[in-house]
$ cat input.txt   # compact mmCIF, N, CA and C atoms
# COMPACT_ATOMS: atom_id res chain seq x y z
N ALA A 1 111.85 81.60 79.48
CA ALA A 1 110.88 82.00 80.49
C ALA A 1 110.98 83.51 80.71
N ALA A 2 109.86 84.09 81.10
CA ALA A 2 109.82 85.53 81.35
C ALA A 2 108.85 85.81 82.50
N VAL A 3 109.07 86.92 83.19
CA VAL A 3 108.16 87.36 84.23
C VAL A 3 107.37 88.53 83.67
N THR A 4 106.05 88.48 83.81
CA THR A 4 105.18 89.51 83.26
C THR A 4 103.97 89.70 84.16
N THR A 5 103.31 90.83 83.99
CA THR A 5 102.03 91.03 84.68
C THR A 5 100.88 90.95 83.68
N THR A 6 101.22 90.71 82.43
CA THR A 6 100.21 90.55 81.39
C THR A 6 100.13 89.08 81.02
N LEU A 7 99.04 88.43 81.41
CA LEU A 7 98.90 87.01 81.10
C LEU A 7 98.56 86.84 79.63
N ILE A 8 99.19 85.85 79.03
CA ILE A 8 98.99 85.57 77.61
C ILE A 8 98.18 84.29 77.48
N LYS A 9 97.05 84.38 76.81
CA LYS A 9 96.20 83.21 76.59
C LYS A 9 96.63 82.58 75.26
N ASN A 10 97.30 81.43 75.36
CA ASN A 10 97.79 80.76 74.16
C ASN A 10 98.04 79.30 74.53
N ASP A 11 97.60 78.38 73.67
CA ASP A 11 97.78 76.95 73.96
C ASP A 11 99.25 76.57 74.06
N GLY A 12 100.14 77.31 73.42
CA GLY A 12 101.55 76.98 73.44
C GLY A 12 102.31 77.61 74.59
N ILE A 13 101.61 78.34 75.46
CA ILE A 13 102.24 79.04 76.58
C ILE A 13 101.71 78.50 77.90
N GLU A 14 102.64 78.24 78.81
CA GLU A 14 102.25 77.86 80.18
C GLU A 14 102.61 79.01 81.10
N SER A 15 101.96 79.05 82.25
CA SER A 15 102.25 80.13 83.19
C SER A 15 102.05 79.67 84.62
N LYS A 16 102.72 80.38 85.52
CA LYS A 16 102.55 80.15 86.95
C LYS A 16 102.49 81.52 87.62
N GLU A 17 101.36 81.80 88.29
CA GLU A 17 101.22 83.08 88.97
C GLU A 17 102.08 83.10 90.23
N LEU A 18 102.67 84.25 90.48
CA LEU A 18 103.48 84.46 91.67
C LEU A 18 102.66 85.24 92.70
N GLU A 19 103.27 85.54 93.82
CA GLU A 19 102.58 86.24 94.90
C GLU A 19 102.18 87.66 94.46
N ASP A 20 100.97 88.08 94.84
CA ASP A 20 100.49 89.42 94.52
C ASP A 20 101.43 90.49 95.10
N ILE A 21 101.55 91.59 94.36
CA ILE A 21 102.36 92.72 94.81
C ILE A 21 101.45 93.94 94.93
N PRO A 22 101.24 94.43 96.16
CA PRO A 22 100.39 95.61 96.31
C PRO A 22 101.12 96.87 95.83
N CYS A 23 100.36 97.80 95.30
CA CYS A 23 100.92 99.09 94.90
C CYS A 23 100.89 100.04 96.10
N VAL A 24 101.75 101.04 96.05
CA VAL A 24 101.82 102.06 97.10
C VAL A 24 101.80 103.43 96.44
N LEU A 25 101.46 104.43 97.22
CA LEU A 25 101.58 105.81 96.76
C LEU A 25 103.03 106.21 96.98
N VAL A 26 103.63 106.84 95.98
CA VAL A 26 105.03 107.27 96.07
C VAL A 26 105.07 108.79 95.93
N LEU A 27 105.70 109.44 96.92
CA LEU A 27 105.84 110.90 96.96
C LEU A 27 107.30 111.26 97.11
N SER A 28 107.64 112.51 96.81
CA SER A 28 108.98 113.01 97.08
C SER A 28 109.22 112.96 98.58
N GLU A 29 110.46 112.70 98.97
CA GLU A 29 110.77 112.70 100.41
C GLU A 29 110.55 114.08 101.01
N HIS A 30 110.55 115.13 100.18
CA HIS A 30 110.37 116.50 100.65
C HIS A 30 108.94 117.00 100.46
N SER A 31 108.04 116.10 100.14
CA SER A 31 106.66 116.49 99.88
C SER A 31 106.06 117.21 101.08
N LYS A 32 105.36 118.29 100.79
CA LYS A 32 104.70 119.05 101.86
C LYS A 32 103.34 118.46 102.21
N ARG A 33 102.92 117.46 101.44
CA ARG A 33 101.65 116.78 101.74
C ARG A 33 101.82 116.03 103.05
N LEU A 34 100.91 116.24 103.94
CA LEU A 34 100.96 115.54 105.22
C LEU A 34 100.30 114.18 105.06
N CYS A 35 101.11 113.16 105.03
CA CYS A 35 100.60 111.79 104.93
C CYS A 35 101.16 111.02 106.10
N GLY A 36 100.33 110.21 106.67
CA GLY A 36 100.82 109.31 107.70
C GLY A 36 101.39 108.07 107.03
N GLU A 37 101.23 106.95 107.68
CA GLU A 37 101.70 105.69 107.12
C GLU A 37 100.75 105.16 106.05
N THR A 38 99.49 105.66 106.08
CA THR A 38 98.48 105.20 105.11
C THR A 38 97.75 106.40 104.51
N ILE A 39 97.06 106.14 103.39
CA ILE A 39 96.27 107.18 102.74
C ILE A 39 95.02 106.53 102.15
N LYS A 40 93.93 107.28 102.14
CA LYS A 40 92.67 106.78 101.54
C LYS A 40 92.67 107.09 100.04
N LEU A 41 91.97 106.26 99.30
CA LEU A 41 91.88 106.43 97.85
C LEU A 41 91.33 107.81 97.49
N ASN A 42 90.33 108.29 98.23
CA ASN A 42 89.75 109.61 97.96
C ASN A 42 90.79 110.72 98.07
N ASP A 43 91.73 110.57 99.01
CA ASP A 43 92.76 111.59 99.20
C ASP A 43 93.78 111.58 98.06
N ILE A 44 93.99 110.42 97.45
CA ILE A 44 94.93 110.33 96.32
C ILE A 44 94.40 111.13 95.14
N ALA A 45 93.09 111.16 94.98
CA ALA A 45 92.48 111.86 93.84
C ALA A 45 92.80 113.35 93.83
N SER A 46 93.13 113.92 94.98
CA SER A 46 93.44 115.36 95.03
C SER A 46 94.91 115.66 94.73
N LEU A 47 95.73 114.64 94.59
CA LEU A 47 97.16 114.84 94.35
C LEU A 47 97.47 114.95 92.86
N PRO A 48 98.48 115.75 92.48
CA PRO A 48 98.93 115.72 91.09
C PRO A 48 99.65 114.40 90.85
N LEU A 49 99.15 113.62 89.89
CA LEU A 49 99.70 112.28 89.67
C LEU A 49 100.48 112.19 88.37
N ILE A 50 101.54 111.40 88.42
CA ILE A 50 102.32 111.02 87.25
C ILE A 50 102.14 109.51 87.15
N LEU A 51 101.59 109.03 86.05
CA LEU A 51 101.30 107.60 85.95
C LEU A 51 102.20 106.92 84.93
N LEU A 52 102.61 105.71 85.26
CA LEU A 52 103.42 104.88 84.37
C LEU A 52 102.50 104.21 83.37
N ARG A 53 102.72 104.50 82.10
CA ARG A 53 101.87 103.95 81.05
C ARG A 53 102.69 102.99 80.19
N THR A 54 102.24 101.75 80.13
CA THR A 54 102.95 100.76 79.32
C THR A 54 102.62 100.96 77.85
N VAL A 55 103.56 100.56 77.00
CA VAL A 55 103.35 100.67 75.56
C VAL A 55 102.42 99.56 75.10
N ASN A 56 102.66 98.35 75.60
CA ASN A 56 101.84 97.18 75.24
C ASN A 56 101.25 96.56 76.50
N GLY A 57 100.07 96.03 76.37
CA GLY A 57 99.48 95.30 77.49
C GLY A 57 98.87 96.22 78.53
N LYS A 58 98.38 95.61 79.57
CA LYS A 58 97.74 96.35 80.65
C LYS A 58 98.71 96.42 81.82
N GLY A 59 98.69 97.55 82.49
CA GLY A 59 99.58 97.73 83.62
C GLY A 59 98.92 98.54 84.71
N VAL A 60 99.76 99.18 85.51
CA VAL A 60 99.28 99.99 86.63
C VAL A 60 98.38 101.12 86.12
N TYR A 61 98.77 101.75 85.04
CA TYR A 61 98.01 102.86 84.47
C TYR A 61 96.55 102.48 84.24
N ASP A 62 96.35 101.37 83.53
CA ASP A 62 94.99 100.92 83.22
C ASP A 62 94.21 100.58 84.49
N GLN A 63 94.89 99.92 85.42
CA GLN A 63 94.23 99.52 86.67
C GLN A 63 93.82 100.76 87.48
N VAL A 64 94.70 101.75 87.57
CA VAL A 64 94.39 102.96 88.33
C VAL A 64 93.20 103.69 87.72
N LEU A 65 93.21 103.88 86.41
CA LEU A 65 92.10 104.58 85.75
C LEU A 65 90.78 103.83 85.90
N GLN A 66 90.83 102.51 85.74
CA GLN A 66 89.62 101.69 85.84
C GLN A 66 89.03 101.75 87.25
N VAL A 67 89.86 101.57 88.26
CA VAL A 67 89.38 101.58 89.64
C VAL A 67 88.82 102.96 90.01
N CYS A 68 89.53 104.01 89.64
CA CYS A 68 89.06 105.36 89.98
C CYS A 68 87.76 105.70 89.27
N GLU A 69 87.59 105.20 88.06
CA GLU A 69 86.32 105.39 87.35
C GLU A 69 85.19 104.67 88.09
N GLN A 70 85.47 103.44 88.57
CA GLN A 70 84.46 102.67 89.32
C GLN A 70 84.05 103.41 90.59
N TYR A 71 85.01 104.07 91.25
CA TYR A 71 84.73 104.78 92.49
C TYR A 71 84.23 106.20 92.25
N GLY A 72 84.15 106.61 90.99
CA GLY A 72 83.70 107.95 90.66
C GLY A 72 84.69 109.03 91.04
N LEU A 73 85.97 108.70 91.05
CA LEU A 73 87.01 109.67 91.42
C LEU A 73 87.57 110.35 90.17
N ASP A 74 87.77 111.64 90.27
CA ASP A 74 88.33 112.42 89.17
C ASP A 74 89.80 112.67 89.49
N LEU A 75 90.70 111.96 88.82
CA LEU A 75 92.13 112.07 89.10
C LEU A 75 92.73 113.33 88.50
N GLN A 76 93.81 113.79 89.11
CA GLN A 76 94.57 114.95 88.63
C GLN A 76 95.85 114.44 87.96
N VAL A 77 95.73 113.79 86.81
CA VAL A 77 96.90 113.25 86.11
C VAL A 77 97.58 114.40 85.37
N VAL A 78 98.81 114.74 85.82
CA VAL A 78 99.54 115.85 85.22
C VAL A 78 100.56 115.38 84.18
N CYS A 79 100.87 114.08 84.20
CA CYS A 79 101.89 113.57 83.29
C CYS A 79 101.78 112.05 83.19
N GLU A 80 102.10 111.53 82.01
CA GLU A 80 102.20 110.09 81.81
C GLU A 80 103.62 109.79 81.35
N CYS A 81 104.21 108.73 81.88
CA CYS A 81 105.57 108.33 81.51
C CYS A 81 105.56 106.90 81.02
N HIS A 82 106.43 106.62 80.06
CA HIS A 82 106.60 105.25 79.58
C HIS A 82 107.83 104.60 80.21
N ASP A 83 108.57 105.36 80.99
CA ASP A 83 109.82 104.89 81.57
C ASP A 83 109.80 105.09 83.08
N SER A 84 110.02 104.01 83.83
CA SER A 84 109.92 104.11 85.29
C SER A 84 111.03 104.95 85.90
N ALA A 85 112.22 104.98 85.29
CA ALA A 85 113.32 105.79 85.82
C ALA A 85 112.97 107.28 85.72
N THR A 86 112.42 107.70 84.59
CA THR A 86 112.00 109.09 84.41
C THR A 86 110.88 109.42 85.39
N LEU A 87 109.94 108.52 85.52
CA LEU A 87 108.81 108.72 86.43
C LEU A 87 109.30 108.94 87.86
N LEU A 88 110.21 108.10 88.33
CA LEU A 88 110.71 108.23 89.70
C LEU A 88 111.55 109.49 89.88
N SER A 89 112.26 109.92 88.84
CA SER A 89 113.00 111.18 88.91
C SER A 89 112.04 112.36 89.07
N LEU A 90 110.95 112.34 88.31
CA LEU A 90 109.94 113.40 88.43
C LEU A 90 109.31 113.40 89.82
N VAL A 91 109.00 112.22 90.33
CA VAL A 91 108.40 112.12 91.67
C VAL A 91 109.38 112.63 92.73
N SER A 92 110.64 112.19 92.65
CA SER A 92 111.61 112.59 93.67
C SER A 92 111.89 114.10 93.63
N SER A 93 111.69 114.73 92.45
CA SER A 93 111.89 116.18 92.35
C SER A 93 110.70 116.97 92.89
N GLY A 94 109.60 116.27 93.20
CA GLY A 94 108.42 116.94 93.75
C GLY A 94 107.39 117.35 92.72
N PHE A 95 107.55 116.92 91.47
CA PHE A 95 106.62 117.29 90.39
C PHE A 95 105.23 116.70 90.61
N GLY A 96 105.16 115.54 91.24
CA GLY A 96 103.88 114.89 91.49
C GLY A 96 104.10 113.59 92.24
N ALA A 97 103.02 112.86 92.42
CA ALA A 97 103.07 111.56 93.10
C ALA A 97 102.72 110.48 92.09
N THR A 98 102.94 109.23 92.46
CA THR A 98 102.57 108.13 91.57
C THR A 98 102.10 106.94 92.38
N ILE A 99 101.57 105.98 91.68
CA ILE A 99 101.15 104.71 92.27
C ILE A 99 101.93 103.62 91.54
N LEU A 100 102.70 102.85 92.30
CA LEU A 100 103.54 101.80 91.72
C LEU A 100 103.59 100.59 92.65
N PRO A 101 103.85 99.41 92.08
CA PRO A 101 104.16 98.27 92.94
C PRO A 101 105.46 98.59 93.70
N LEU A 102 105.51 98.27 94.96
CA LEU A 102 106.69 98.56 95.78
C LEU A 102 107.96 97.98 95.17
N THR A 103 107.85 96.83 94.52
CA THR A 103 109.02 96.18 93.94
C THR A 103 109.60 96.94 92.75
N MET A 104 108.89 97.92 92.22
CA MET A 104 109.40 98.71 91.09
C MET A 104 110.25 99.90 91.53
N ILE A 105 110.36 100.10 92.83
CA ILE A 105 111.16 101.22 93.32
C ILE A 105 112.54 100.69 93.67
N PRO A 106 113.56 101.05 92.86
CA PRO A 106 114.91 100.53 93.12
C PRO A 106 115.42 100.96 94.49
N VAL A 107 116.26 100.15 95.07
CA VAL A 107 116.79 100.41 96.41
C VAL A 107 117.45 101.79 96.47
N HIS A 108 118.20 102.18 95.44
CA HIS A 108 118.90 103.47 95.47
C HIS A 108 117.94 104.67 95.43
N MET A 109 116.69 104.46 95.01
CA MET A 109 115.71 105.56 94.97
C MET A 109 114.92 105.68 96.27
N ARG A 110 114.96 104.66 97.09
CA ARG A 110 114.09 104.65 98.28
C ARG A 110 114.45 105.73 99.29
N SER A 111 115.66 106.27 99.23
CA SER A 111 116.02 107.35 100.14
C SER A 111 115.58 108.72 99.60
N HIS A 112 115.09 108.76 98.35
CA HIS A 112 114.66 110.01 97.73
C HIS A 112 113.14 110.14 97.64
N VAL A 113 112.45 109.09 98.01
CA VAL A 113 110.98 109.10 97.95
C VAL A 113 110.43 108.50 99.24
N LYS A 114 109.16 108.81 99.50
CA LYS A 114 108.51 108.12 100.61
C LYS A 114 107.32 107.35 100.05
N THR A 115 107.09 106.19 100.63
CA THR A 115 105.99 105.35 100.19
C THR A 115 104.92 105.34 101.26
N VAL A 116 103.68 105.35 100.81
CA VAL A 116 102.53 105.38 101.72
C VAL A 116 101.60 104.24 101.32
N ILE A 117 101.19 103.45 102.29
CA ILE A 117 100.28 102.33 102.05
C ILE A 117 98.89 102.87 101.74
N ILE A 118 98.26 102.31 100.73
CA ILE A 118 96.91 102.72 100.33
C ILE A 118 95.90 101.87 101.10
N GLU A 119 95.01 102.52 101.86
CA GLU A 119 94.01 101.79 102.64
C GLU A 119 93.03 101.08 101.71
N ASP A 120 92.61 99.87 102.11
CA ASP A 120 91.70 99.05 101.29
C ASP A 120 92.18 99.03 99.84
N ASN A 121 93.44 98.73 99.67
CA ASN A 121 94.15 98.86 98.40
C ASN A 121 93.53 98.06 97.26
N PRO A 122 92.99 98.76 96.25
CA PRO A 122 92.46 98.05 95.09
C PRO A 122 93.52 97.81 94.01
N PHE A 123 94.72 98.37 94.20
CA PHE A 123 95.78 98.29 93.19
C PHE A 123 96.76 97.18 93.55
N VAL A 124 96.59 96.04 92.91
CA VAL A 124 97.44 94.88 93.18
C VAL A 124 97.87 94.29 91.84
N MET A 125 99.16 94.06 91.70
CA MET A 125 99.68 93.44 90.47
C MET A 125 99.94 91.96 90.77
N THR A 126 99.61 91.11 89.81
CA THR A 126 99.87 89.68 89.95
C THR A 126 100.87 89.27 88.88
N PRO A 127 102.15 89.17 89.25
CA PRO A 127 103.14 88.75 88.26
C PRO A 127 103.02 87.25 88.01
N ALA A 128 103.50 86.84 86.86
CA ALA A 128 103.49 85.42 86.50
C ALA A 128 104.74 85.10 85.70
N VAL A 129 105.20 83.88 85.84
CA VAL A 129 106.27 83.37 84.98
C VAL A 129 105.58 82.68 83.82
N ILE A 130 105.99 83.02 82.60
CA ILE A 130 105.42 82.36 81.42
C ILE A 130 106.54 81.72 80.62
N TRP A 131 106.20 80.63 79.94
CA TRP A 131 107.18 79.94 79.11
C TRP A 131 106.47 79.12 78.05
N ARG A 132 107.20 78.83 76.95
CA ARG A 132 106.64 77.99 75.89
C ARG A 132 106.58 76.56 76.39
N LYS A 133 105.46 75.88 76.11
CA LYS A 133 105.25 74.51 76.60
C LYS A 133 106.38 73.57 76.19
N ASP A 134 106.80 73.64 74.96
CA ASP A 134 107.76 72.67 74.44
C ASP A 134 109.20 73.14 74.49
N SER A 135 109.49 74.24 75.18
CA SER A 135 110.86 74.75 75.19
C SER A 135 111.65 74.19 76.37
N TYR A 136 112.96 74.23 76.22
CA TYR A 136 113.86 73.78 77.28
C TYR A 136 113.87 74.82 78.39
N LEU A 137 113.78 74.35 79.63
CA LEU A 137 113.90 75.23 80.79
C LEU A 137 115.12 74.80 81.59
N PRO A 138 116.04 75.71 81.88
CA PRO A 138 117.21 75.36 82.69
C PRO A 138 116.77 74.84 84.06
N LYS A 139 117.62 74.04 84.66
CA LYS A 139 117.30 73.41 85.95
C LYS A 139 116.88 74.42 87.02
N PRO A 140 117.59 75.56 87.19
CA PRO A 140 117.15 76.52 88.23
C PRO A 140 115.72 77.03 87.99
N VAL A 141 115.35 77.21 86.72
CA VAL A 141 113.99 77.67 86.41
C VAL A 141 112.99 76.58 86.77
N ARG A 142 113.29 75.34 86.40
CA ARG A 142 112.38 74.22 86.74
C ARG A 142 112.22 74.10 88.24
N GLN A 143 113.32 74.26 88.99
CA GLN A 143 113.24 74.18 90.45
C GLN A 143 112.40 75.32 91.03
N PHE A 144 112.53 76.50 90.46
CA PHE A 144 111.75 77.65 90.91
C PHE A 144 110.26 77.42 90.68
N LEU A 145 109.95 76.86 89.51
CA LEU A 145 108.55 76.64 89.16
C LEU A 145 107.98 75.48 89.96
$ encode --input "input.txt" --output "C-alpha cells"
Amino acid sequence: AAVTTTLIKNDGIESKELEDIPCVLVLSEHSKRLCGETIKLNDIASLPLILLRTVNGKGVYDQVLQVCEQYGLDLQVVCECHDSATLLSLVSSGFGATILPLTMIPVHMRSHVKTVIIEDNPFVMTPAVIWRKDSYLPKPVRQFL
C-alpha cells in the first residue's frame, strides 16, 4: 500500500481517498510582507514564488498554475524545486514564498516559516491510499482502510 495524491486508474489497483488537505501560503518568519492570518489569491500573484514541481504525476505545481491561469493571474515564479527540503530552506531564508499542503511542512521547520490561510482556497490536495487488489495487506493497514 502507498499514500499518493496522484490517483492511478487501473483495474488491478484499489484506492481509498483520505481527508482533503488545504494548501497554505508559506513565507519566511522574517518576511517583510505584511500578511494577516489570511491572504487573497490576487495578493499571492504579486509575491516571488518558489514552487514544488514533481517529477512524475500532477501535484501542487500543476494545480497552482492551472488555477491561476483560470483566474487570469500572472504569477511571479522565481524558482522551481523538485525537493521539498530545498524549497523550505529557500523560503525560510527569505528568497520567496510558496504554496504547500500544511502537512508537508515538517514540525522542525514551522518555527522558521509562517503560514497564511488562503481565502476561498482553490488549492486542495486529496491524498489516497492505493494498493494492488490481489496483494496481501497487513492487519493494521486493513483496519485503517
$ select_by_dssp --input "input.txt" --residues "stretch 58-135 of chain A" --states "helix (DSSP H, G or I)" --output "MDAnalysis selection string"
chainID A and resid 60:70 84:92 102:104 107:109
$ select_by_dssp --input "input.txt" --residues "chain A" --states "strand (DSSP E)" --output "short mmCIF file (atom, residue, chain, number, x, y, z; two decimals) with N, CA and C atoms, in the coordinates of the input"
data_model
loop_
_atom_site.label_atom_id
_atom_site.label_comp_id
_atom_site.auth_asym_id
_atom_site.auth_seq_id
_atom_site.Cartn_x
_atom_site.Cartn_y
_atom_site.Cartn_z
N ALA A 2 109.86 84.09 81.10
CA ALA A 2 109.82 85.53 81.35
C ALA A 2 108.85 85.81 82.50
N VAL A 3 109.07 86.92 83.19
CA VAL A 3 108.16 87.36 84.23
C VAL A 3 107.37 88.53 83.67
N THR A 4 106.05 88.48 83.81
CA THR A 4 105.18 89.51 83.26
C THR A 4 103.97 89.70 84.16
N ILE A 13 101.61 78.34 75.46
CA ILE A 13 102.24 79.04 76.58
C ILE A 13 101.71 78.50 77.90
N GLU A 14 102.64 78.24 78.81
CA GLU A 14 102.25 77.86 80.18
C GLU A 14 102.61 79.01 81.10
N SER A 15 101.96 79.05 82.25
CA SER A 15 102.25 80.13 83.19
C SER A 15 102.05 79.67 84.62
N LYS A 16 102.72 80.38 85.52
CA LYS A 16 102.55 80.15 86.95
C LYS A 16 102.49 81.52 87.62
N GLU A 17 101.36 81.80 88.29
CA GLU A 17 101.22 83.08 88.97
C GLU A 17 102.08 83.10 90.23
N ILE A 21 101.55 91.59 94.36
CA ILE A 21 102.36 92.72 94.81
C ILE A 21 101.45 93.94 94.93
N PRO A 22 101.24 94.43 96.16
CA PRO A 22 100.39 95.61 96.31
C PRO A 22 101.12 96.87 95.83
N CYS A 23 100.36 97.80 95.30
CA CYS A 23 100.92 99.09 94.90
C CYS A 23 100.89 100.04 96.10
N VAL A 24 101.75 101.04 96.05
CA VAL A 24 101.82 102.06 97.10
C VAL A 24 101.80 103.43 96.44
N LEU A 25 101.46 104.43 97.22
CA LEU A 25 101.58 105.81 96.76
C LEU A 25 103.03 106.21 96.98
N VAL A 26 103.63 106.84 95.98
CA VAL A 26 105.03 107.27 96.07
C VAL A 26 105.07 108.79 95.93
N LEU A 27 105.70 109.44 96.92
CA LEU A 27 105.84 110.90 96.96
C LEU A 27 107.30 111.26 97.11
N SER A 28 107.64 112.51 96.81
CA SER A 28 108.98 113.01 97.08
C SER A 28 109.22 112.96 98.58
N THR A 38 99.49 105.66 106.08
CA THR A 38 98.48 105.20 105.11
C THR A 38 97.75 106.40 104.51
N ILE A 39 97.06 106.14 103.39
CA ILE A 39 96.27 107.18 102.74
C ILE A 39 95.02 106.53 102.15
N PRO A 48 98.48 115.75 92.48
CA PRO A 48 98.93 115.72 91.09
C PRO A 48 99.65 114.40 90.85
N LEU A 49 99.15 113.62 89.89
CA LEU A 49 99.70 112.28 89.67
C LEU A 49 100.48 112.19 88.37
N ILE A 50 101.54 111.40 88.42
CA ILE A 50 102.32 111.02 87.25
C ILE A 50 102.14 109.51 87.15
N LEU A 51 101.59 109.03 86.05
CA LEU A 51 101.30 107.60 85.95
C LEU A 51 102.20 106.92 84.93
N LEU A 52 102.61 105.71 85.26
CA LEU A 52 103.42 104.88 84.37
C LEU A 52 102.50 104.21 83.37
N GLN A 76 93.81 113.79 89.11
CA GLN A 76 94.57 114.95 88.63
C GLN A 76 95.85 114.44 87.96
N VAL A 77 95.73 113.79 86.81
CA VAL A 77 96.90 113.25 86.11
C VAL A 77 97.58 114.40 85.37
N VAL A 78 98.81 114.74 85.82
CA VAL A 78 99.54 115.85 85.22
C VAL A 78 100.56 115.38 84.18
N CYS A 79 100.87 114.08 84.20
CA CYS A 79 101.89 113.57 83.29
C CYS A 79 101.78 112.05 83.19
N GLU A 80 102.10 111.53 82.01
CA GLU A 80 102.20 110.09 81.81
C GLU A 80 103.62 109.79 81.35
N CYS A 81 104.21 108.73 81.88
CA CYS A 81 105.57 108.33 81.51
C CYS A 81 105.56 106.90 81.02
N THR A 98 102.94 109.23 92.46
CA THR A 98 102.57 108.13 91.57
C THR A 98 102.10 106.94 92.38
N ILE A 99 101.57 105.98 91.68
CA ILE A 99 101.15 104.71 92.27
C ILE A 99 101.93 103.62 91.54
N LEU A 100 102.70 102.85 92.30
CA LEU A 100 103.54 101.80 91.72
C LEU A 100 103.59 100.59 92.65
N PRO A 101 103.85 99.41 92.08
CA PRO A 101 104.16 98.27 92.94
C PRO A 101 105.46 98.59 93.70
N VAL A 113 112.45 109.09 98.01
CA VAL A 113 110.98 109.10 97.95
C VAL A 113 110.43 108.50 99.24
N LYS A 114 109.16 108.81 99.50
CA LYS A 114 108.51 108.12 100.61
C LYS A 114 107.32 107.35 100.05
N THR A 115 107.09 106.19 100.63
CA THR A 115 105.99 105.35 100.19
C THR A 115 104.92 105.34 101.26
N VAL A 116 103.68 105.35 100.81
CA VAL A 116 102.53 105.38 101.72
C VAL A 116 101.60 104.24 101.32
N ILE A 117 101.19 103.45 102.29
CA ILE A 117 100.28 102.33 102.05
C ILE A 117 98.89 102.87 101.74
N ILE A 118 98.26 102.31 100.73
CA ILE A 118 96.91 102.72 100.33
C ILE A 118 95.90 101.87 101.10
N VAL A 124 96.59 96.04 92.91
CA VAL A 124 97.44 94.88 93.18
C VAL A 124 97.87 94.29 91.84
N MET A 125 99.16 94.06 91.70
CA MET A 125 99.68 93.44 90.47
C MET A 125 99.94 91.96 90.77
N ALA A 128 103.50 86.84 86.86
CA ALA A 128 103.49 85.42 86.50
C ALA A 128 104.74 85.10 85.70
N VAL A 129 105.20 83.88 85.84
CA VAL A 129 106.27 83.37 84.98
C VAL A 129 105.58 82.68 83.82
N ILE A 130 105.99 83.02 82.60
CA ILE A 130 105.42 82.36 81.42
C ILE A 130 106.54 81.72 80.62
N TRP A 131 106.20 80.63 79.94
CA TRP A 131 107.18 79.94 79.11
C TRP A 131 106.47 79.12 78.05
N ARG A 132 107.20 78.83 76.95
CA ARG A 132 106.64 77.99 75.89
C ARG A 132 106.58 76.56 76.39
#
$ closest_residue --input "input.txt" --among "A:Glu69, A:Ala97, A:Thr54, A:Val64" --to "A:Ser84" --atoms "only C-alpha atoms"
A:Thr54
$ residues_around --input "input.txt" --residues "A:Leu18" --least-positions-apart "3" --cutoff "7 Å" --atoms "only N, CA and C atoms" --output "list in words"
Ile21, Thr126, Pro127, Ala128 and Val129 of chain A
$ write_last_selection --input "input.txt" --atoms "N, CA and C atoms" --output "PDB file, keeping the file's coordinate frame"
ATOM      1  N   ILE A  21     101.550  91.590  94.360  1.00  0.00           N
ATOM      2  CA  ILE A  21     102.360  92.720  94.810  1.00  0.00           C
ATOM      3  C   ILE A  21     101.450  93.940  94.930  1.00  0.00           C
ATOM      4  N   THR A 126      99.610  91.110  89.810  1.00  0.00           N
ATOM      5  CA  THR A 126      99.870  89.680  89.950  1.00  0.00           C
ATOM      6  C   THR A 126     100.870  89.270  88.880  1.00  0.00           C
ATOM      7  N   PRO A 127     102.150  89.170  89.250  1.00  0.00           N
ATOM      8  CA  PRO A 127     103.140  88.750  88.260  1.00  0.00           C
ATOM      9  C   PRO A 127     103.020  87.250  88.010  1.00  0.00           C
ATOM     10  N   ALA A 128     103.500  86.840  86.860  1.00  0.00           N
ATOM     11  CA  ALA A 128     103.490  85.420  86.500  1.00  0.00           C
ATOM     12  C   ALA A 128     104.740  85.100  85.700  1.00  0.00           C
ATOM     13  N   VAL A 129     105.200  83.880  85.840  1.00  0.00           N
ATOM     14  CA  VAL A 129     106.270  83.370  84.980  1.00  0.00           C
ATOM     15  C   VAL A 129     105.580  82.680  83.820  1.00  0.00           C
TER      16      VAL A 129
END
$ residues_around --input "input.txt" --residues "A:Ile39" --least-positions-apart "2" --cutoff "5 Å" --atoms "only N, CA and C atoms" --output "list in words"
Glu37, Leu41, Ile117, Ile118 and Glu119 of chain A
